[in-house]
Amino acid sequence: TVGPFFAFWDAVWNFCFYKLGPPTPFAKQNLALNIGKGGNVVFGLLWLLYYNNWSFPALAIVGMQGSYGVIWVLKDLVCPDGTWQRVLNSGGWIFTLIPVCVYWFFEWAVIAFPDSPPSPFLVGFCIALYSVGIFFMIGADVQKTTTLSLKKGLITTGFFQYIRNPNYLGECFIYYSFALMARSMWGFLLISIFWVFFFWPNMVRKDASISRHPGWQEYYSRSGLLLPKGLIGLSGEFLLFMPWVTAFFFLRESINILNP
């Protein structure tokens with residue numbers, strides 16, 4: 001079972017995805033995700049042209065978000081995740097598309113303000129964080145999809161050996177690297193809301209679902225939600241609140257604090 005907080009948000013998302021709008025089937029959910037994430041390439045290039053900003057930070061953020069969109073679409077074509085193959089009505093499909101498009105904000109925030117670029121150190125750190133995130137997201141998603149296509153049940157090896165949600169860990173690293181590049185309080189608040197009210201309930205609901213499988217108690221006792229259990233005494237949930245902390249840091253100090 002899940003607590004009231006998670007049950008409430010699970011019910012909210014279930015309504016938004018499946019009961020919002022007319023009941024007529026419209027399109028698969030993965031199409032909305034592919035359009036939104038693949039759109040990073042298109043809008044990134046358009047903003048580069050519109051603002052005529054070809055600086056290293058501008059090209060770096062377009063390279064990061066653009067490659068993320070391309071990788072996501074290729075992953076869906078080569079190794080589709082069954083979770084996103086559901087056919088939604090128009091309301092649920094649009095509700096899927098809009099939050100994904102919000103992430104275009106990070107590209108715009110970097111490109112539109114060339115007079116306040118992130119430092120080379122910060123750009124390098126964000127590229128490294130993004131790369132690690134891609135490794136976890138793609139590796140875990142491909143392992144999950146291929147393993148479940150052969151045998152249903154718990155996945156307790158590979159990426160999932162010590163972390164129950166390595167794909168979400170990768171997504172957190174990816175989006176946090178985008179927000180750090182943008183250095184906007186609003187960007188951090190955006191991903192905070194998405195992580196706490198969507199990622200977290202999804203992970204808890206997944207735990208409740210897979211707890212029916214044999215070997216769950218042993219697996220749960222040695223694995224962490226987002227980080228290996230017992231890692232430097234931290235709970236994986238703290239990662240979900242890192243953007244809140246960063247947002248208030250920027251609010252208190254200055255949006256330029258990370259520049260040398």
# chains A, B, ... in the order shown; residues from 1 in each chain; ligands from 1
$ residues_around --residues "stretch 78-87 of chain A" --least-positions-apart "4" --cutoff "10 Å" --atoms "only C-alpha atoms" --output "PyMOL selection string"
chain A and resi 17-18+24-33+72-74+92-93+138+141-146+148-149
$ residues_around --residues "stretch 13-16 of chain A" --least-positions-apart "5" --cutoff "9 Å" --atoms "only C-alpha atoms" --output "mmCIF file with C-alpha atoms, in the first residue's frame"
data_model
loop_
_atom_site.group_PDB
_atom_site.id
_atom_site.type_symbol
_atom_site.label_atom_id
_atom_site.label_comp_id
_atom_site.auth_asym_id
_atom_site.auth_seq_id
_atom_site.Cartn_x
_atom_site.Cartn_y
_atom_site.Cartn_z
ATOM 1 C CA PHE A 8 -3.801 11.278 -3.905
ATOM 2 C CA GLY A 21 -11.451 15.219 -22.053
ATOM 3 C CA GLY A 91 -7.053 15.364 -23.047
ATOM 4 C CA GLY A 92 -4.567 12.851 -21.639
ATOM 5 C CA PHE A 95 -1.581 16.643 -20.723
ATOM 6 C CA THR A 96 1.401 14.385 -21.489
ATOM 7 C CA PHE A 198 5.178 12.885 -10.433
#
$ select_by_dssp --residues "stretch 40-218 of chain A" --states "helix (DSSP H, G or I)" --output "ChimeraX atom specification"
/A:40-51,56-78,82-84,90-102,104-111,120-150,158-160,166-182,185-210,216-218
$ atom_distance --atom1 "atom CA of A:Asn202" --atom2 "atom CA of A:Pro4"
13.6 Å
$ closest_residue --among "A:Leu189, A:Val123, A:Leu225, A:Val204" --to "A:Phe5" --atoms "only C-alpha atoms"
A:Val204
$ atom_distance --atom1 "atom CA of A:Phe136" --atom2 "atom CA of A:Ile163"
10.7 Å
$ residues_around --residues "A:Gln161" --least-positions-apart "6" --cutoff "9 Å" --atoms "only C-alpha atoms" --output "list in words"
Ile155, Tyr219, Arg222, Ser223 and Pro228 of chain A
$ residues_around --residues "stretch 38-47 of chain A" --least-positions-apart "2" --cutoff "10 Å" --atoms "only C-alpha atoms" --output "number ranges by chain"
A: 32-36, 49-53, 58-59, 61-74, 100-101, 103-108, 110-112
$ closest_residue --among "A:Pro118, A:Gly170, A:Pro214, A:Pro99" --to "A:Tyr130" --atoms "only C-alpha atoms"
A:Gly170
$ atom_distance --atom1 "atom CA of A:Ser131" --atom2 "atom CA of A:Met203"
22.7 Å
$ select_by_dssp --residues "stretch 1-238 of chain A" --states "strand (DSSP E or B)" --output "list in words"
Pro25, Phe26, Ala27, Lys28, Val87, Leu88, Asn89, Ile163 and Gly224 of chain A
